[in-house]
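Participant: Below is the file model.cif, which contains mmCIF, C-alpha atoms.
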data_structure
loop_
_atom_site.group_PDB
_atom_site.id
_atom_site.type_symbol
_atom_site.label_atom_id
_atom_site.label_comp_id
_atom_site.auth_asym_id
_atom_site.auth_seq_id
_atom_site.Cartn_x
_atom_site.Cartn_y
_atom_site.Cartn_z
ATOM 1 C CA MET A 226 15.615 -0.437 0.458
ATOM 2 C CA ARG A 227 15.919 -4.157 -0.262
ATOM 3 C CA ASP A 228 15.825 -5.008 -3.942
ATOM 4 C CA GLN A 229 12.980 -7.475 -4.501
ATOM 5 C CA ASN A 230 14.633 -8.614 -7.722
ATOM 6 C CA ASN A 231 17.455 -10.083 -5.630
ATOM 7 C CA ASP A 232 15.096 -12.079 -3.409
ATOM 8 C CA LEU A 233 14.879 -15.014 -5.770
ATOM 9 C CA LEU A 234 13.391 -18.478 -5.425
ATOM 10 C CA THR A 235 15.929 -21.184 -6.243
ATOM 11 C CA ILE A 236 14.798 -24.688 -7.194
ATOM 12 C CA ALA A 237 17.227 -27.320 -8.487
ATOM 13 C CA GLY A 238 19.878 -24.674 -9.101
ATOM 14 C CA LYS A 239 17.680 -22.345 -11.178
ATOM 15 C CA THR A 240 16.355 -19.024 -9.915
ATOM 16 C CA TYR A 241 12.912 -17.523 -10.379
ATOM 17 C CA LYS A 242 11.650 -14.026 -9.606
ATOM 18 C CA SER A 243 8.141 -15.130 -8.646
ATOM 19 C CA ARG A 244 7.331 -17.221 -5.596
ATOM 20 C CA LEU A 245 3.828 -17.853 -6.914
ATOM 21 C CA LEU A 246 3.450 -21.002 -9.006
ATOM 22 C CA VAL A 247 0.178 -21.521 -10.830
ATOM 23 C CA GLY A 248 -1.765 -24.345 -12.405
ATOM 24 C CA SER A 249 -3.193 -24.513 -15.901
ATOM 25 C CA GLY A 250 -6.478 -26.355 -15.374
ATOM 26 C CA LYS A 251 -10.116 -25.351 -14.833
ATOM 27 C CA TYR A 252 -10.043 -22.129 -16.878
ATOM 28 C CA LYS A 253 -12.835 -21.472 -19.367
ATOM 29 C CA ASP A 254 -10.384 -21.479 -22.268
ATOM 30 C CA LEU A 255 -6.700 -21.270 -23.137
ATOM 31 C CA GLN A 256 -6.784 -17.491 -23.533
ATOM 32 C CA GLN A 257 -7.981 -17.027 -19.961
ATOM 33 C CA THR A 258 -5.226 -19.390 -18.831
ATOM 34 C CA ARG A 259 -2.665 -17.089 -20.408
ATOM 35 C CA GLU A 260 -4.245 -13.907 -19.064
ATOM 36 C CA ALA A 261 -4.362 -15.220 -15.502
ATOM 37 C CA THR A 262 -0.805 -16.555 -15.670
ATOM 38 C CA LEU A 263 0.436 -13.184 -16.870
ATOM 39 C CA ALA A 264 -1.555 -11.356 -14.175
ATOM 40 C CA ALA A 265 0.004 -13.603 -11.530
ATOM 41 C CA GLU A 266 3.453 -12.802 -12.957
ATOM 42 C CA ALA A 267 4.255 -16.474 -12.438
ATOM 43 C CA ASP A 268 7.424 -17.986 -13.857
ATOM 44 C CA ILE A 269 6.354 -21.604 -13.348
ATOM 45 C CA ILE A 270 3.082 -23.114 -14.562
ATOM 46 C CA THR A 271 2.206 -26.697 -13.741
ATOM 47 C CA VAL A 272 0.531 -28.980 -16.275
ATOM 48 C CA ALA A 273 -1.406 -32.197 -15.657
ATOM 49 C CA ILE A 274 0.065 -34.422 -18.348
ATOM 50 C CA ARG A 275 -2.813 -36.904 -18.181
ATOM 51 C CA ARG A 276 -5.414 -34.170 -18.757
ATOM 52 C CA VAL A 277 -3.878 -31.309 -20.723
ATOM 53 C CA ASN A 278 -2.553 -31.444 -24.269
ATOM 54 C CA ILE A 279 1.034 -30.276 -24.668
ATOM 55 C CA GLY A 280 1.654 -32.182 -27.873
ATOM 56 C CA GLN A 281 0.199 -35.619 -27.178
ATOM 57 C CA ASP A 282 -2.598 -34.802 -29.643
ATOM 58 C CA PRO A 283 -1.217 -32.873 -32.628
ATOM 59 C CA ASN A 284 -4.748 -32.256 -33.902
ATOM 60 C CA ALA A 285 -5.968 -30.433 -30.773
ATOM 61 C CA PRO A 286 -5.074 -27.005 -29.342
ATOM 62 C CA SER A 287 -1.987 -27.169 -27.159
ATOM 63 C CA LEU A 288 -1.449 -25.370 -23.871
ATOM 64 C CA LEU A 289 2.027 -24.521 -25.105
ATOM 65 C CA ASP A 290 0.457 -22.257 -27.731
ATOM 66 C CA VAL A 291 -0.521 -19.790 -24.985
ATOM 67 C CA VAL A 292 2.131 -20.475 -22.319
ATOM 68 C CA PRO A 293 5.195 -21.385 -24.387
ATOM 69 C CA PRO A 294 8.372 -22.727 -22.763
ATOM 70 C CA SER A 295 10.169 -19.678 -24.147
ATOM 71 C CA GLU A 296 8.205 -17.531 -21.650
ATOM 72 C CA PHE A 297 7.468 -19.907 -18.771
ATOM 73 C CA THR A 298 8.947 -22.909 -17.017
ATOM 74 C CA ILE A 299 6.537 -25.770 -17.654
ATOM 75 C CA LEU A 300 6.162 -28.039 -14.637
ATOM 76 C CA PRO A 301 4.601 -31.347 -15.710
ATOM 77 C CA ASN A 302 2.716 -33.089 -12.924
ATOM 78 C CA THR A 303 1.179 -36.491 -12.294
ATOM 79 C CA ALA A 304 -2.327 -35.403 -11.266
ATOM 80 C CA GLY A 305 -4.656 -38.368 -11.608
ATOM 81 C CA CYS A 306 -2.025 -40.992 -10.756
ATOM 82 C CA TYR A 307 -2.746 -43.378 -7.907
ATOM 83 C CA ASN A 308 0.404 -45.502 -7.889
ATOM 84 C CA ALA A 309 4.124 -45.053 -8.335
ATOM 85 C CA LYS A 310 4.307 -46.940 -11.629
ATOM 86 C CA ASP A 311 1.810 -44.676 -13.394
ATOM 87 C CA ALA A 312 3.417 -41.547 -11.972
ATOM 88 C CA VAL A 313 6.897 -42.497 -13.147
ATOM 89 C CA TYR A 314 5.650 -43.422 -16.620
ATOM 90 C CA THR A 315 3.716 -40.139 -16.914
ATOM 91 C CA LEU A 316 6.761 -38.022 -16.129
ATOM 92 C CA GLN A 317 8.984 -40.025 -18.435
ATOM 93 C CA MET A 318 6.465 -39.289 -21.190
ATOM 94 C CA ALA A 319 6.506 -35.598 -20.244
ATOM 95 C CA ARG A 320 10.292 -35.568 -20.538
ATOM 96 C CA GLU A 321 10.005 -36.823 -24.095
ATOM 97 C CA LEU A 322 7.313 -34.284 -24.995
ATOM 98 C CA LEU A 323 9.351 -31.421 -23.515
ATOM 99 C CA ASN A 324 12.713 -32.314 -25.034
ATOM 100 C CA GLY A 325 14.431 -33.703 -21.975
ATOM 101 C CA HIS A 326 12.856 -31.387 -19.389
ATOM 102 C CA LYS A 327 13.950 -32.464 -15.881
ATOM 103 C CA LEU A 328 11.923 -30.343 -13.427
ATOM 104 C CA VAL A 329 8.684 -32.147 -12.542
ATOM 105 C CA LYS A 330 5.991 -32.252 -9.906
ATOM 106 C CA LEU A 331 5.174 -35.634 -8.403
ATOM 107 C CA GLU A 332 1.806 -36.335 -6.853
ATOM 108 C CA VAL A 333 0.490 -39.815 -6.150
ATOM 109 C CA LEU A 334 -3.054 -39.686 -4.809
ATOM 110 C CA GLY A 335 -4.601 -41.963 -2.235
ATOM 111 C CA ASP A 336 -8.251 -41.808 -3.281
ATOM 112 C CA GLU A 337 -10.637 -39.834 -5.448
ATOM 113 C CA LYS A 338 -12.628 -38.368 -2.552
ATOM 114 C CA THR A 339 -9.901 -36.615 -0.565
ATOM 115 C CA LEU A 340 -7.094 -36.466 -3.161
ATOM 116 C CA PHE A 341 -4.793 -36.888 -0.161
ATOM 117 C CA PRO A 342 -1.296 -38.065 -1.055
ATOM 118 C CA ASN A 343 -0.462 -41.762 -0.894
ATOM 119 C CA MET A 344 2.867 -41.318 0.836
ATOM 120 C CA PRO A 345 4.236 -44.898 0.544
ATOM 121 C CA GLU A 346 3.713 -44.813 -3.230
ATOM 122 C CA THR A 347 4.983 -41.227 -3.379
ATOM 123 C CA LEU A 348 8.246 -42.245 -1.711
ATOM 124 C CA VAL A 349 8.696 -45.156 -4.125
ATOM 125 C CA ALA A 350 8.109 -42.922 -7.149
ATOM 126 C CA ALA A 351 10.329 -40.135 -5.817
ATOM 127 C CA LYS A 352 13.232 -42.522 -5.326
ATOM 128 C CA GLU A 353 12.914 -43.919 -8.854
ATOM 129 C CA LEU A 354 12.564 -40.483 -10.471
ATOM 130 C CA VAL A 355 15.565 -39.017 -8.645
ATOM 131 C CA LYS A 356 17.606 -42.047 -9.684
ATOM 132 C CA ASP A 357 16.463 -41.427 -13.274
ATOM 133 C CA GLY A 358 17.831 -37.887 -13.225
ATOM 134 C CA PHE A 359 14.665 -35.861 -12.608
ATOM 135 C CA ASP A 360 14.492 -32.776 -10.396
ATOM 136 C CA VAL A 361 11.433 -33.700 -8.378
ATOM 137 C CA MET A 362 9.087 -31.364 -6.537
ATOM 138 C CA VAL A 363 6.770 -33.468 -4.394
ATOM 139 C CA TYR A 364 3.176 -32.974 -3.245
ATOM 140 C CA CYS A 365 3.073 -34.526 0.210
ATOM 141 C CA SER A 366 1.244 -34.639 3.519
ATOM 142 C CA ASP A 367 2.104 -32.012 6.128
ATOM 143 C CA ASP A 368 4.108 -34.591 8.065
ATOM 144 C CA PRO A 369 7.642 -33.497 9.032
ATOM 145 C CA ILE A 370 8.888 -37.105 9.062
ATOM 146 C CA GLN A 371 7.652 -37.798 5.527
ATOM 147 C CA ALA A 372 9.114 -34.478 4.355
ATOM 148 C CA ARG A 373 12.486 -35.443 5.832
ATOM 149 C CA MET A 374 12.355 -38.828 4.118
ATOM 150 C CA LEU A 375 11.704 -37.122 0.782
ATOM 151 C CA GLU A 376 14.625 -34.769 1.316
ATOM 152 C CA ASP A 377 16.873 -37.711 2.177
ATOM 153 C CA ILE A 378 15.888 -39.288 -1.161
ATOM 154 C CA GLY A 379 17.148 -36.154 -2.909
ATOM 155 C CA VAL A 380 14.047 -34.299 -4.075
ATOM 156 C CA ALA A 381 14.324 -30.694 -5.260
ATOM 157 C CA ALA A 382 11.440 -29.366 -3.128
ATOM 158 C CA VAL A 383 8.728 -30.564 -0.767
ATOM 159 C CA MET A 384 5.177 -29.325 -1.245
ATOM 160 C CA PRO A 385 2.981 -30.069 1.776
ATOM 161 C CA LEU A 386 -0.741 -29.509 1.430
ATOM 162 C CA ALA A 387 -2.321 -26.680 3.423
ATOM 163 C CA SER A 388 -5.694 -28.427 3.191
ATOM 164 C CA LEU A 389 -7.388 -30.697 0.671
ATOM 165 C CA ILE A 390 -6.899 -29.991 -3.033
ATOM 166 C CA GLY A 391 -9.471 -27.517 -4.309
ATOM 167 C CA SER A 392 -11.088 -27.098 -0.873
ATOM 168 C CA GLY A 393 -10.169 -23.435 -0.375
ATOM 169 C CA MET A 394 -9.943 -24.109 3.373
ATOM 170 C CA GLY A 395 -6.600 -22.344 3.752
ATOM 171 C CA ILE A 396 -3.812 -23.192 6.195
ATOM 172 C CA LEU A 397 -5.335 -25.711 8.601
ATOM 173 C CA ASN A 398 -2.158 -26.788 10.398
ATOM 174 C CA PRO A 399 0.419 -23.979 10.542
ATOM 175 C CA TRP A 400 2.354 -25.796 13.266
ATOM 176 C CA ASN A 401 3.203 -28.779 11.073
ATOM 177 C CA LEU A 402 4.176 -26.461 8.225
ATOM 178 C CA SER A 403 6.463 -24.570 10.588
ATOM 179 C CA LEU A 404 8.147 -27.809 11.658
ATOM 180 C CA ILE A 405 8.744 -28.775 8.033
ATOM 181 C CA ILE A 406 10.123 -25.330 7.191
ATOM 182 C CA GLU A 407 12.433 -25.364 10.223
ATOM 183 C CA GLN A 408 14.033 -28.698 9.358
ATOM 184 C CA SER A 409 14.200 -28.498 5.565
ATOM 185 C CA ASN A 410 17.257 -27.748 3.466
ATOM 186 C CA VAL A 411 15.243 -27.726 0.237
ATOM 187 C CA PRO A 412 12.492 -25.263 -0.715
ATOM 188 C CA VAL A 413 9.140 -25.740 0.990
ATOM 189 C CA LEU A 414 6.103 -24.667 -1.039
ATOM 190 C CA VAL A 415 2.492 -24.898 0.084
ATOM 191 C CA ASP A 416 0.506 -26.903 -2.430
ATOM 192 C CA ALA A 417 -3.278 -27.312 -2.244
ATOM 193 C CA GLY A 418 -6.010 -25.706 -0.184
ATOM 194 C CA VAL A 419 -5.337 -22.001 -0.676
ATOM 195 C CA GLY A 420 -8.605 -20.126 -1.140
ATOM 196 C CA THR A 421 -7.762 -16.448 -1.224
ATOM 197 C CA ALA A 422 -4.894 -13.978 -1.023
ATOM 198 C CA SER A 423 -4.754 -13.935 2.776
ATOM 199 C CA ASP A 424 -4.123 -17.710 2.775
ATOM 200 C CA ALA A 425 -1.165 -17.188 0.458
ATOM 201 C CA ALA A 426 0.135 -14.402 2.686
ATOM 202 C CA ILE A 427 -0.100 -16.606 5.787
ATOM 203 C CA ALA A 428 1.860 -19.378 4.085
ATOM 204 C CA MET A 429 4.600 -16.943 3.174
ATOM 205 C CA GLU A 430 4.607 -15.329 6.639
ATOM 206 C CA LEU A 431 5.280 -18.774 8.102
ATOM 207 C CA GLY A 432 8.445 -18.906 6.007
ATOM 208 C CA CYS A 433 7.379 -20.979 3.019
ATOM 209 C CA ASP A 434 9.527 -20.427 -0.045
ATOM 210 C CA GLY A 435 6.536 -20.270 -2.359
ATOM 211 C CA VAL A 436 2.926 -21.219 -2.976
ATOM 212 C CA LEU A 437 1.386 -23.264 -5.785
ATOM 213 C CA MET A 438 -2.305 -22.885 -6.588
ATOM 214 C CA ASN A 439 -4.816 -23.518 -9.340
ATOM 215 C CA THR A 440 -8.444 -23.728 -8.212
ATOM 216 C CA ALA A 441 -8.230 -20.595 -6.053
ATOM 217 C CA ILE A 442 -7.493 -18.567 -9.181
ATOM 218 C CA ALA A 443 -9.262 -20.471 -11.945
ATOM 219 C CA GLY A 444 -12.387 -20.999 -9.842
ATOM 220 C CA ALA A 445 -12.749 -17.366 -8.791
ATOM 221 C CA GLN A 446 -15.521 -15.218 -10.275
ATOM 222 C CA ASP A 447 -12.799 -13.094 -11.874
ATOM 223 C CA PRO A 448 -9.737 -15.334 -12.326
ATOM 224 C CA VAL A 449 -7.489 -12.619 -13.747
ATOM 225 C CA ARG A 450 -8.177 -10.236 -10.879
ATOM 226 C CA MET A 451 -7.711 -13.052 -8.361
ATOM 227 C CA ALA A 452 -4.378 -13.900 -9.988
ATOM 228 C CA ARG A 453 -3.229 -10.330 -9.328
ATOM 229 C CA ALA A 454 -4.480 -10.560 -5.745
ATOM 230 C CA MET A 455 -2.581 -13.808 -5.189
ATOM 231 C CA LYS A 456 0.589 -12.239 -6.546
ATOM 232 C CA LEU A 457 0.258 -9.379 -4.077
ATOM 233 C CA GLY A 458 -0.608 -11.745 -1.217
ATOM 234 C CA VAL A 459 2.526 -13.791 -1.808
ATOM 235 C CA GLN A 460 4.649 -10.664 -2.050
ATOM 236 C CA ALA A 461 3.155 -9.160 1.123
ATOM 237 C CA GLY A 462 3.621 -12.373 3.078
ATOM 238 C CA ARG A 463 7.227 -12.675 1.968
ATOM 239 C CA GLU A 464 7.954 -9.057 2.952
ATOM 240 C CA ALA A 465 6.355 -9.577 6.367
ATOM 241 C CA PHE A 466 8.380 -12.764 6.947
ATOM 242 C CA LEU A 467 11.632 -11.011 6.063
ATOM 243 C CA ALA A 468 10.709 -7.965 8.161
ATOM 244 C CA GLY A 469 10.113 -10.094 11.263
ATOM 245 C CA ARG A 470 6.791 -9.673 13.021
ATOM 246 C CA ILE A 471 6.475 -8.434 16.596
ATOM 247 C CA ALA A 472 6.114 -11.009 19.342
ATOM 248 C CA ARG A 473 2.638 -11.934 20.523
ATOM 249 C CA LYS A 474 2.032 -10.712 24.088
ATOM 250 C CA PHE A 475 -0.818 -10.790 26.566
ATOM 251 C CA ALA A 476 -0.343 -7.135 27.481
ATOM 252 C CA ALA A 477 -0.855 -3.827 25.731
ATOM 253 C CA SER A 478 2.129 -1.823 24.516
ATOM 254 C CA PRO A 479 1.407 1.832 23.648
ATOM 255 C CA SER A 480 2.425 3.030 20.219
ATOM 256 C CA SER A 481 3.551 6.336 21.752
ATOM 257 C CA PRO A 482 5.427 5.588 24.994
ATOM 258 C CA MET A 483 5.098 8.146 27.806
ATOM 259 C CA ALA A 484 8.769 8.001 28.818
ATOM 260 C CA GLY A 485 10.522 11.307 28.167
ATOM 261 C CA ARG A 486 7.339 13.241 27.461
ATOM 262 C CA ALA A 487 6.566 16.544 29.199
ATOM 263 C CA THR A 488 3.654 16.380 31.642
ATOM 264 C CA GLY A 489 1.507 19.129 33.044
ATOM 265 C CA SER A 490 1.530 20.051 36.775
ATOM 266 C CA LYS A 491 -1.293 20.945 39.096
ATOM 267 C CA ALA A 492 -1.568 24.580 40.239
#
Would you encode the structure as structure tokens?

Facilitator:
Amino acid sequence: MRDQNNDLLTIAGKTYKSRLLVGSGKYKDLQQTREATLAAEADIITVAIRRVNIGQDPNAPSLLDVVPPSEFTILPNTAGCYNAKDAVYTLQMARELLNGHKLVKLEVLGDEKTLFPNMPETLVAAKELVKDGFDVMVYCSDDPIQARMLEDIGVAAVMPLASLIGSGMGILNPWNLSLIIEQSNVPVLVDAGVGTASDAAIAMELGCDGVLMNTAIAGAQDPVRMARAMKLGVQAGREAFLAGRIARKFAASPSSPMAGRATGSKA
């Protein structure tokens, strides 16, 4: 039997046991954030630097009190940034707060209604951050050409959206995701739009290297239970991808073939 512990996710030269990455926002309190992160068995938790305290305010509770860097890889992100300049500055600040931390998530949004990525600004920011020594994971559109351009810049991973952030609509364009997966030499992780465990499983069955989610867990009626479900969905999808599904056919194929079986004869 294949050892799941050897099927590791590698990003920027570092390996992780879990292919489920989780967010830290929208929970009712910091304790629930920790409980859900533990239930997901996630190694990487992403943090919106412009919204969540990780030391910017020494007089307020810090997220790092419940998800310390000694237990988790903190992935600072640029949620809320709408241009390259703000995104670069935000991650440079995060590097200072996290003692030189290099792994970051870049997202530059196009507007407040759709939260769709502004790809021209994203490309500008990605180029500057890579040049500055960051390992950059990038939220992007599900466009194979844009994904290739990001890889050519030298990003550590591409993270195409499955559907709009927080929408819970699931995988709306599996064909584009498949094209990105087929061409990419860096990890491809679905980011945004996952609503339930079956969405996570579908992403992994397509061949994604991982899935990042926040609202689908934090917004559930029972976030901790949903975190466990998402963990299992990611694991099941990965197993199915590695196992290799049967081909789709327009004809039936009996589970118990008749060939070689004894048949009765008429008197």

Participant: Using the chain letters and numbers from this file, what does the PyMOL selection byres ((chain A and resi 432-449) around 6) select? Give the answer as number ranges by chain.

Facilitator: A: 244-248, 251-252, 261, 391, 412-416, 420, 428-431, 450-452

Participant: What would the selection look like, as a PyMOL selection string, if the PyMOL selection byres ((chain A and resi 418) around 8) were run on the coordinates I just shared?

Facilitator: chain A and resi 386-396+416-417+419-420+438

Participant: Determine, counting only C-alpha atoms, which protein, DNA and RNA residues have an atom within 8 Å of an atom of A:Gly305; residues of the same chain fewer than 2 positions away are not included. Present the result as a list in words.

Facilitator: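 Contacts, with the query itself left out: Arg275, Thr303, Tyr307, Val333 and Leu334 of chain A.
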
Participant: Need the axis-aligned box for stretch 252-268 of chain A with 4 Å each side, so what are the centre and edges in Å to one decimal, as JSON?

Facilitator:
{"center_x": -2.7, "center_y": -16.7, "center_z": -17.5, "size_x": 28.3, "size_y": 18.8, "size_z": 20.0}

Participant: When the PyMOL selection byres ((chain A and resi 455-463) around 6) is applied to the file above, which residues end up in the set, as a list in words?

Facilitator: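 When the PyMOL selection byres ((chain A and resi 455-463) around 6) is applied, the selected residues are Ala265, Ala422, Ala425, Ala426, Met429, Glu430, Ala452, Arg453, Ala454, Glu464, Ala465 and Phe466 of chain A.
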
Participant: Which residue gives the smallest distance to A:Pro399 among A:Met318, A:Ile427, A:Leu288, A:Val277, with all atoms listed in the file counted?

Facilitator: A:Ile427

Participant: Hey, can you pull every residue with an atom no more than 8 Å from (8.9, -28.5, -6.7), using all atoms listed in the file, and send it as a list of chain:residue names?

Facilitator: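 Protein and nucleic acid residues near the point are A:Ile236, A:Leu328, A:Val329, A:Lys330, A:Asp360, A:Val361, A:Met362, A:Val363, A:Ala381, A:Ala382, A:Val383, A:Met384, A:Pro412, A:Leu414.
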
Participant: How many Å separate atom CA of A:Ala309 from atom CA of A:Thr347?

Facilitator: 6.3 Å

Participant: Could you state the separation of atom CA of A:Cys365 and atom CA of A:Ala304 in Å, given to one decimal place?

Facilitator: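 One can read the atom CA of A:Cys365 to atom CA of A:Ala304 distance as 12.7 Å.
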
Participant: Near A:Ile405, counting all atoms listed in the file, which residues have an atom at most 8 Å away, once you skip same-chain residues fewer than 2 positions from it, shown as a list in words?

Facilitator: Asp367, Asp368, Pro369, Ala372, Arg373, Asn401, Leu402, Ser403, Glu407, Gln408, Ser409 and Val413 of chain A

Participant: Record the distance separating atom CA of A:Ala472 and atom CA of A:Leu234, expressed in Å with one decimal.

Facilitator: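 About the pair atom CA of A:Ala472 and atom CA of A:Leu234: they are 26.9 Å apart.
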
Participant: Extract, using all atoms listed in the file, all DNA, RNA and protein residues at most 12 Å from A:Ala319, discarding same-chain residues fewer than 2 positions from it, and format them as JSON, numbers by chain.

Facilitator: {"A": [271, 272, 273, 274, 275, 277, 278, 279, 280, 281, 299, 300, 301, 302, 303, 312, 313, 314, 315, 316, 317, 321, 322, 323, 324, 325, 326, 327, 328, 329, 330, 331, 359]}
